[in-house]
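Engineer: Sharing a structure with you now.
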Amino acid sequence: MSSTSQFDQITDRNNLNSDKWAKYPEDVIPMWVADMDFDSPMCVKQALQERVSKGVFGYTFAPKSLIEAIQTHCQTHYDWLPNGAHLVHLPGLVCALHLSVRTFSEPGERIIVPAPVYYHLTRAAEISDRVLETIPFEVKENRWTIDIESMAQACAKPDAKMILLCNPHNPGGTVYTRNELEAIHALAKQHDLIVVSDEIHCDLILSQSKHIPFASLNEDAAQRSITLMAPSKTYNIAGLGYAFAVIPNSALRKQFSSARGAIVPAPNLLALVAAEAAYRDGEPWRKELVNYLSANRDYIQQRIAGTPLQLVGMEATYLAWIDASGLGLYDPYQYFLDRGVGLSPGKDFGHGQFVRLNFGCPRAQLEKALDRMLVDLY
Ligand SMILES: Cc1ncc(COP(=O)(O)O)c(C=O)c1O
């Protein structure tokens, strides 16, 4: 890795009202929430500065130029051209998960979610009186995969209504293969289920795997799906708040949009500006980022080799799902916190013997965090 990478630069975020940096005392290195310690790309900063200099910030809408930038991005990277009229613009992706569950299912209906998983996918079902059924991930050939047989059993239950996918999967970094997605689609079709696919991490593939949007599989998949994407994780603009849903089925789109209109605000004007700049001009930056993150992931693998910690091969995301069960502790999260590293506790995602480490940070910070974590583990 080049020692002169722009991603080596340390930005002091202590006085920037950062959730990540405010959570723990100053002597703890925060390596938790999915927010990177990198500046956003120059093209984003410039577009924002230019727009702020205009001085008017009234109600707004997603311009055609943003829609075109999204379409070009999806076509170039995923060989998938969403129709601009099928997009619903949102201030974030989490609200769309909850909104989808409440709009497209009834209390008492079954929501099927591969897990451990980013907690809003399970919470969306839990806090709306739906029946949550999680499908366990298991390790096969050094990769987290779902047990399709368990999925088939869940989908066959008479109250089954919806599958919530996270692809690429957080945590674990699995990028679903075409075969896997086709198997899931076959079940959704057979049992007439809606598929909500959270693809927020799709631009952060760290391997040779290719991201395949669920909706791009075939026309039936498109018609029964809500695809959720956002530039926030990739370009580090989560604080601005923008995401979009792609809903090709007009009845579903109308239902979703009218539920949205009542309770979810429109995206922020500056978020729209940042999203457009990121998708249109951020590609060289994104490529460098992905290289940097891949090297960070490999570095973690090297450092933990020979310790009781384990990390299954990650295909995507900057969120390492570390198995700490080899330590034989009740609470591995607390163990690492006591050593000065603030990780995400695995129990937040459904497994208390794991911790999640965010390696979207300069290498020097990662080294320091690993030094503290591994000090007496070799
Ligand atoms: C899978 C997944 N979905 C959604 C989100 C959050 O989306 P937003 O900030 O747009 O609400 C995250 C953040 O970590 C995530 O990992």
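Every chain in the structure tokens has a letter given in the order shown (A, B, ...), and although residue numbers restart at 1 in each chain, ligands are simply numbered from 1 in the order shown.
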Compile a residue-level contact table for chain A against ligand 1 at a cut-off of 8 Å, reporting for every qualifying residue the shortest atom pair and its distance in Å to one decimal, with only C-alpha atoms and all ligand atoms counted, rows ordered by chain and ascending number, as JSON lines.
Structural biologist:
{"residue": "A:Val33", "atom": "CA", "partner": "ligand 1", "partner_atom_place_in_ligand_line": "14 (O)", "distance": 6.6}
{"residue": "A:Ala34", "atom": "CA", "partner": "ligand 1", "partner_atom_place_in_ligand_line": "14 (O)", "distance": 4.6}
{"residue": "A:Asp35", "atom": "CA", "partner": "ligand 1", "partner_atom_place_in_ligand_line": "14 (O)", "distance": 7.4}
{"residue": "A:Pro91", "atom": "CA", "partner": "ligand 1", "partner_atom_place_in_ligand_line": "10 (O)", "distance": 7.0}
{"residue": "A:Gly92", "atom": "CA", "partner": "ligand 1", "partner_atom_place_in_ligand_line": "10 (O)", "distance": 3.5}
{"residue": "A:Leu93", "atom": "CA", "partner": "ligand 1", "partner_atom_place_in_ligand_line": "10 (O)", "distance": 3.7}
{"residue": "A:Val94", "atom": "CA", "partner": "ligand 1", "partner_atom_place_in_ligand_line": "11 (O)", "distance": 3.8}
{"residue": "A:Cys95", "atom": "CA", "partner": "ligand 1", "partner_atom_place_in_ligand_line": "11 (O)", "distance": 6.3}
{"residue": "A:Val117", "atom": "CA", "partner": "ligand 1", "partner_atom_place_in_ligand_line": "1 (C)", "distance": 7.8}
{"residue": "A:Tyr118", "atom": "CA", "partner": "ligand 1", "partner_atom_place_in_ligand_line": "1 (C)", "distance": 5.5}
{"residue": "A:His120", "atom": "CA", "partner": "ligand 1", "partner_atom_place_in_ligand_line": "3 (N)", "distance": 7.3}
{"residue": "A:Leu121", "atom": "CA", "partner": "ligand 1", "partner_atom_place_in_ligand_line": "3 (N)", "distance": 7.8}
{"residue": "A:Cys166", "atom": "CA", "partner": "ligand 1", "partner_atom_place_in_ligand_line": "1 (C)", "distance": 5.8}
{"residue": "A:Asn167", "atom": "CA", "partner": "ligand 1", "partner_atom_place_in_ligand_line": "1 (C)", "distance": 7.7}
{"residue": "A:Pro168", "atom": "CA", "partner": "ligand 1", "partner_atom_place_in_ligand_line": "1 (C)", "distance": 7.9}
{"residue": "A:His169", "atom": "CA", "partner": "ligand 1", "partner_atom_place_in_ligand_line": "1 (C)", "distance": 6.9}
{"residue": "A:Asn170", "atom": "CA", "partner": "ligand 1", "partner_atom_place_in_ligand_line": "1 (C)", "distance": 5.5}
{"residue": "A:Pro171", "atom": "CA", "partner": "ligand 1", "partner_atom_place_in_ligand_line": "16 (O)", "distance": 7.9}
{"residue": "A:Asp198", "atom": "CA", "partner": "ligand 1", "partner_atom_place_in_ligand_line": "3 (N)", "distance": 6.0}
{"residue": "A:Glu199", "atom": "CA", "partner": "ligand 1", "partner_atom_place_in_ligand_line": "1 (C)", "distance": 7.0}
{"residue": "A:Ile200", "atom": "CA", "partner": "ligand 1", "partner_atom_place_in_ligand_line": "3 (N)", "distance": 5.7}
{"residue": "A:His201", "atom": "CA", "partner": "ligand 1", "partner_atom_place_in_ligand_line": "1 (C)", "distance": 6.8}
{"residue": "A:Ala230", "atom": "CA", "partner": "ligand 1", "partner_atom_place_in_ligand_line": "10 (O)", "distance": 6.6}
{"residue": "A:Ser232", "atom": "CA", "partner": "ligand 1", "partner_atom_place_in_ligand_line": "10 (O)", "distance": 6.6}
{"residue": "A:Lys233", "atom": "CA", "partner": "ligand 1", "partner_atom_place_in_ligand_line": "13 (C)", "distance": 7.2}
{"residue": "A:Ala238", "atom": "CA", "partner": "ligand 1", "partner_atom_place_in_ligand_line": "9 (O)", "distance": 5.6}
{"residue": "A:Gly239", "atom": "CA", "partner": "ligand 1", "partner_atom_place_in_ligand_line": "9 (O)", "distance": 7.8}
{"residue": "A:Gly241", "atom": "CA", "partner": "ligand 1", "partner_atom_place_in_ligand_line": "10 (O)", "distance": 6.2}
{"residue": "A:Tyr242", "atom": "CA", "partner": "ligand 1", "partner_atom_place_in_ligand_line": "10 (O)", "distance": 6.4}
{"residue": "A:Ala243", "atom": "CA", "partner": "ligand 1", "partner_atom_place_in_ligand_line": "10 (O)", "distance": 5.8}
Engineer: Hey, what's within 10 Å of stretch 222-225 of chain A if we count only C-alpha atoms and toss same-chain stuff fewer than 6 positions away? As an MDAnalysis selection string, please?
Structural biologist: chainID A and resid 82 162:164 185 188:189 192:197 213:216 245:252
Engineer: Write a file of the just-selected residues containing N, CA, C and O atoms, as a short mmCIF file (atom, residue, chain, number, x, y, z; two decimals), in the first residue's frame.
Structural biologist:
data_model
loop_
_atom_site.label_atom_id
_atom_site.label_comp_id
_atom_site.auth_asym_id
_atom_site.auth_seq_id
_atom_site.Cartn_x
_atom_site.Cartn_y
_atom_site.Cartn_z
N PRO A 82 -32.33 1.38 -13.64
CA PRO A 82 -33.65 1.64 -13.06
C PRO A 82 -34.34 2.79 -13.79
O PRO A 82 -33.68 3.76 -14.19
N MET A 162 -42.95 -11.32 3.74
CA MET A 162 -41.85 -10.50 3.21
C MET A 162 -40.49 -11.07 3.58
O MET A 162 -40.33 -11.64 4.65
N ILE A 163 -39.53 -10.89 2.66
CA ILE A 163 -38.13 -11.20 2.96
C ILE A 163 -37.38 -9.87 3.02
O ILE A 163 -37.53 -9.04 2.11
N LEU A 164 -36.60 -9.69 4.07
CA LEU A 164 -35.75 -8.50 4.15
C LEU A 164 -34.31 -8.96 3.96
O LEU A 164 -33.78 -9.71 4.78
N HIS A 185 -35.28 -15.74 -4.92
CA HIS A 185 -36.38 -15.26 -5.77
C HIS A 185 -37.39 -16.37 -6.05
O HIS A 185 -38.61 -16.13 -6.04
N ALA A 188 -39.63 -16.59 -3.16
CA ALA A 188 -40.51 -15.41 -3.09
C ALA A 188 -41.64 -15.53 -4.11
O ALA A 188 -42.80 -15.22 -3.82
N LYS A 189 -41.29 -16.03 -5.28
CA LYS A 189 -42.30 -16.17 -6.34
C LYS A 189 -43.30 -17.27 -5.97
O LYS A 189 -44.52 -17.07 -6.04
N ASP A 192 -45.40 -15.94 -3.17
CA ASP A 192 -45.88 -14.57 -3.40
C ASP A 192 -45.46 -13.60 -2.28
O ASP A 192 -46.30 -12.96 -1.63
N LEU A 193 -44.15 -13.49 -2.08
CA LEU A 193 -43.62 -12.62 -1.03
C LEU A 193 -43.01 -11.36 -1.63
O LEU A 193 -42.50 -11.38 -2.76
N ILE A 194 -43.05 -10.30 -0.86
CA ILE A 194 -42.36 -9.08 -1.25
C ILE A 194 -40.92 -9.17 -0.74
O ILE A 194 -40.67 -9.70 0.35
N VAL A 195 -39.99 -8.66 -1.54
CA VAL A 195 -38.58 -8.68 -1.12
C VAL A 195 -38.09 -7.24 -0.99
O VAL A 195 -38.12 -6.47 -1.96
N VAL A 196 -37.67 -6.90 0.21
CA VAL A 196 -37.06 -5.59 0.43
C VAL A 196 -35.56 -5.82 0.52
O VAL A 196 -35.10 -6.59 1.37
N SER A 197 -34.81 -5.21 -0.36
CA SER A 197 -33.39 -5.48 -0.45
C SER A 197 -32.58 -4.23 -0.10
O SER A 197 -32.55 -3.26 -0.87
N PRO A 213 -28.05 -6.44 -8.05
CA PRO A 213 -29.29 -5.98 -7.40
C PRO A 213 -30.36 -7.06 -7.54
O PRO A 213 -30.52 -7.64 -8.63
N PHE A 214 -31.10 -7.31 -6.46
CA PHE A 214 -32.14 -8.33 -6.51
C PHE A 214 -33.11 -8.04 -7.67
O PHE A 214 -33.51 -8.92 -8.43
N ALA A 215 -33.45 -6.76 -7.81
CA ALA A 215 -34.44 -6.36 -8.82
C ALA A 215 -33.96 -6.60 -10.24
O ALA A 215 -34.76 -6.61 -11.19
N SER A 216 -32.65 -6.76 -10.41
CA SER A 216 -32.11 -6.92 -11.77
C SER A 216 -32.18 -8.38 -12.23
O SER A 216 -31.85 -8.68 -13.38
N ALA A 245 -35.26 4.62 -2.97
CA ALA A 245 -35.88 3.31 -3.17
C ALA A 245 -36.17 3.17 -4.65
O ALA A 245 -36.54 4.16 -5.31
N VAL A 246 -36.01 1.97 -5.19
CA VAL A 246 -36.44 1.69 -6.56
C VAL A 246 -37.61 0.71 -6.46
O VAL A 246 -37.45 -0.40 -5.93
N ILE A 247 -38.78 1.16 -6.91
CA ILE A 247 -39.99 0.32 -6.78
C ILE A 247 -40.66 0.26 -8.16
O ILE A 247 -41.48 1.12 -8.52
N PRO A 248 -40.33 -0.76 -8.95
CA PRO A 248 -40.86 -0.82 -10.32
C PRO A 248 -42.38 -1.06 -10.38
O PRO A 248 -43.02 -0.62 -11.33
N ASN A 249 -42.94 -1.74 -9.39
CA ASN A 249 -44.38 -2.03 -9.43
C ASN A 249 -45.16 -0.78 -9.04
O ASN A 249 -44.98 -0.23 -7.94
N SER A 250 -46.05 -0.34 -9.94
CA SER A 250 -46.67 0.97 -9.69
C SER A 250 -47.61 0.96 -8.49
O SER A 250 -47.68 1.93 -7.74
N ALA A 251 -48.29 -0.16 -8.24
CA ALA A 251 -49.19 -0.21 -7.08
C ALA A 251 -48.36 -0.13 -5.78
O ALA A 251 -48.69 0.64 -4.87
N LEU A 252 -47.27 -0.89 -5.72
CA LEU A 252 -46.42 -0.85 -4.52
C LEU A 252 -45.82 0.54 -4.34
O LEU A 252 -45.74 1.08 -3.24
#
Engineer: Which residues come within 7 Å of A:Gly360, counting only C-alpha atoms, excluding same-chain residues fewer than 6 positions away, as a list of chain:residue names?
Structural biologist: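 That gives A:Met36, A:Asp37, A:Leu293, A:Tyr318.
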Engineer: Using the selection just defined, write its residues with all heavy atoms as a short mmCIF file (atom, residue, chain, number, x, y, z; two decimals), in the first residue's frame.
Structural biologist:
data_model
loop_
_atom_site.label_atom_id
_atom_site.label_comp_id
_atom_site.auth_asym_id
_atom_site.auth_seq_id
_atom_site.Cartn_x
_atom_site.Cartn_y
_atom_site.Cartn_z
N MET A 36 -17.01 6.37 8.23
CA MET A 36 -15.55 6.26 8.06
C MET A 36 -14.85 7.53 8.55
O MET A 36 -15.43 8.62 8.49
CB MET A 36 -15.21 6.03 6.59
CG MET A 36 -15.81 4.76 6.01
SD MET A 36 -15.25 4.43 4.32
CE MET A 36 -16.08 5.72 3.39
N ASP A 37 -13.60 7.36 8.96
CA ASP A 37 -12.83 8.53 9.41
C ASP A 37 -12.05 9.14 8.26
O ASP A 37 -10.85 9.44 8.39
CB ASP A 37 -11.91 8.11 10.57
CG ASP A 37 -12.71 7.77 11.80
OD1 ASP A 37 -13.64 8.53 12.12
OD2 ASP A 37 -12.46 6.73 12.42
N LEU A 293 -9.41 0.09 1.65
CA LEU A 293 -10.17 -0.74 2.58
C LEU A 293 -9.78 -2.22 2.46
O LEU A 293 -9.69 -2.93 3.46
CB LEU A 293 -11.68 -0.59 2.34
CG LEU A 293 -12.27 0.80 2.65
CD1 LEU A 293 -13.75 0.84 2.25
CD2 LEU A 293 -12.11 1.15 4.13
N TYR A 318 -16.78 -2.28 5.19
CA TYR A 318 -15.60 -2.01 6.03
C TYR A 318 -15.88 -2.40 7.48
O TYR A 318 -15.37 -1.80 8.41
CB TYR A 318 -15.17 -0.54 5.92
CG TYR A 318 -16.28 0.49 6.00
CD1 TYR A 318 -16.84 0.85 7.22
CD2 TYR A 318 -16.74 1.11 4.85
CE1 TYR A 318 -17.85 1.78 7.29
CE2 TYR A 318 -17.75 2.05 4.90
CZ TYR A 318 -18.30 2.38 6.14
OH TYR A 318 -19.30 3.33 6.21
#
Engineer: At a cut-off of 9 Å, using only C-alpha atoms, what residues contact A:Asp39? Leave out same-chain residues fewer than 3 positions from it and give the result as a PyMOL selection string.
Structural biologist: chain A and resi 7+9+11+36+42+45+235-236
Engineer: Return as a list in words the full set of residues in stretch 221-274 of chain A whose backbone-based DSSP assignment is strand (DSSP E or B).
Structural biologist: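 DSSP-assigned strand (DSSP E or B) residues in stretch 221-274 of chain A: Ser225, Ile226, Thr227, Leu228, Met229, Ala243, Phe244, Ala245 and Val246 of chain A.
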Engineer: Would you mind exporting the chosen residues as an mmCIF file, in the first residue's frame, restricted to all heavy atoms?
Structural biologist:
data_model
loop_
_atom_site.group_PDB
_atom_site.id
_atom_site.type_symbol
_atom_site.label_atom_id
_atom_site.label_comp_id
_atom_site.auth_asym_id
_atom_site.auth_seq_id
_atom_site.Cartn_x
_atom_site.Cartn_y
_atom_site.Cartn_z
ATOM 1 N N SER A 225 -40.185 -6.298 -5.694
ATOM 2 C CA SER A 225 -39.084 -5.834 -4.841
ATOM 3 C C SER A 225 -39.097 -4.337 -4.589
ATOM 4 O O SER A 225 -39.597 -3.544 -5.386
ATOM 5 C CB SER A 225 -37.746 -6.209 -5.490
ATOM 6 O OG SER A 225 -37.612 -5.544 -6.711
ATOM 7 N N ILE A 226 -38.496 -4.017 -3.457
ATOM 8 C CA ILE A 226 -38.163 -2.624 -3.122
ATOM 9 C C ILE A 226 -36.655 -2.643 -2.919
ATOM 10 O O ILE A 226 -36.152 -3.321 -2.011
ATOM 11 C CB ILE A 226 -38.872 -2.176 -1.808
ATOM 12 C CG1 ILE A 226 -40.378 -1.985 -2.030
ATOM 13 C CG2 ILE A 226 -38.310 -0.859 -1.295
ATOM 14 C CD1 ILE A 226 -41.189 -3.173 -1.819
ATOM 15 N N THR A 227 -35.918 -1.963 -3.774
ATOM 16 C CA THR A 227 -34.459 -1.921 -3.644
ATOM 17 C C THR A 227 -34.093 -0.619 -2.955
ATOM 18 O O THR A 227 -34.558 0.448 -3.363
ATOM 19 C CB THR A 227 -33.785 -1.960 -5.028
ATOM 20 O OG1 THR A 227 -34.221 -3.135 -5.710
ATOM 21 C CG2 THR A 227 -32.269 -1.961 -4.919
ATOM 22 N N LEU A 228 -33.252 -0.713 -1.932
ATOM 23 C CA LEU A 228 -32.854 0.488 -1.190
ATOM 24 C C LEU A 228 -31.351 0.698 -1.334
ATOM 25 O O LEU A 228 -30.561 -0.195 -1.029
ATOM 26 C CB LEU A 228 -33.232 0.335 0.283
ATOM 27 C CG LEU A 228 -34.723 0.048 0.546
ATOM 28 C CD1 LEU A 228 -34.960 -0.280 2.014
ATOM 29 C CD2 LEU A 228 -35.586 1.226 0.110
ATOM 30 N N MET A 229 -30.998 1.877 -1.833
ATOM 31 C CA MET A 229 -29.576 2.191 -2.015
ATOM 32 C C MET A 229 -29.312 3.601 -1.497
ATOM 33 O O MET A 229 -30.249 4.391 -1.321
ATOM 34 C CB MET A 229 -29.194 2.145 -3.494
ATOM 35 C CG MET A 229 -29.175 0.765 -4.092
ATOM 36 S SD MET A 229 -28.618 0.817 -5.825
ATOM 37 C CE MET A 229 -28.374 -0.926 -6.138
ATOM 38 N N ALA A 243 -31.140 8.735 0.641
ATOM 39 C CA ALA A 243 -31.213 7.349 0.152
ATOM 40 C C ALA A 243 -32.326 7.324 -0.887
ATOM 41 O O ALA A 243 -33.108 8.285 -0.991
ATOM 42 C CB ALA A 243 -31.528 6.389 1.295
ATOM 43 N N PHE A 244 -32.373 6.261 -1.650
ATOM 44 C CA PHE A 244 -33.485 6.156 -2.599
ATOM 45 C C PHE A 244 -33.979 4.719 -2.660
ATOM 46 O O PHE A 244 -33.234 3.768 -2.411
ATOM 47 C CB PHE A 244 -33.103 6.686 -3.994
ATOM 48 C CG PHE A 244 -31.985 5.939 -4.672
ATOM 49 C CD1 PHE A 244 -32.231 4.871 -5.527
ATOM 50 C CD2 PHE A 244 -30.661 6.308 -4.461
ATOM 51 C CE1 PHE A 244 -31.194 4.182 -6.152
ATOM 52 C CE2 PHE A 244 -29.603 5.624 -5.078
ATOM 53 C CZ PHE A 244 -29.885 4.557 -5.930
ATOM 54 N N ALA A 245 -35.264 4.618 -2.965
ATOM 55 C CA ALA A 245 -35.877 3.307 -3.173
ATOM 56 C C ALA A 245 -36.168 3.175 -4.654
ATOM 57 O O ALA A 245 -36.542 4.165 -5.306
ATOM 58 C CB ALA A 245 -37.173 3.205 -2.377
ATOM 59 N N VAL A 246 -36.014 1.968 -5.187
ATOM 60 C CA VAL A 246 -36.437 1.690 -6.563
ATOM 61 C C VAL A 246 -37.608 0.714 -6.456
ATOM 62 O O VAL A 246 -37.447 -0.402 -5.932
ATOM 63 C CB VAL A 246 -35.299 1.079 -7.404
ATOM 64 C CG1 VAL A 246 -35.760 0.882 -8.855
ATOM 65 C CG2 VAL A 246 -34.055 1.949 -7.358
#
Engineer: Identify, with DSSP run on backbone atoms, the residues in stretch 33-135 of chain A assigned to alpha helix (DSSP H), and express the list as a ChimeraX atom specification.
Structural biologist: /A:42-52,64-78,94-104,119-126
Engineer: Taking into account only C-alpha atoms, which residue in the set A:Ile10, A:Lys157, A:Tyr24, A:Ala275 is nearest to A:Ser65?
Structural biologist: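 Under the stated criterion, the closest residue is A:Ala275.
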Engineer: Tell me which of A:Val355, A:Leu343, A:Val375, A:Leu289 sits closest to A:Lys20, counting only C-alpha atoms.
Structural biologist: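 Checking each of A:Val355, A:Leu343, A:Val375, A:Leu289 against A:Lys20, counting only C-alpha atoms, the winner is A:Leu343.
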Engineer: Could you tell me how far atom CA of A:Gly55 lies from atom CA of A:Val273, in Å and to one decimal?
Structural biologist: 14.0 Å
Engineer: Would you please work out which residue, of A:Ala62, A:Leu272, A:Ala22, A:Met31, is nearest to A:Arg356 when using only C-alpha atoms?
Structural biologist: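 Once distances to A:Arg356 are computed over only C-alpha atoms, the minimum belongs to A:Met31.
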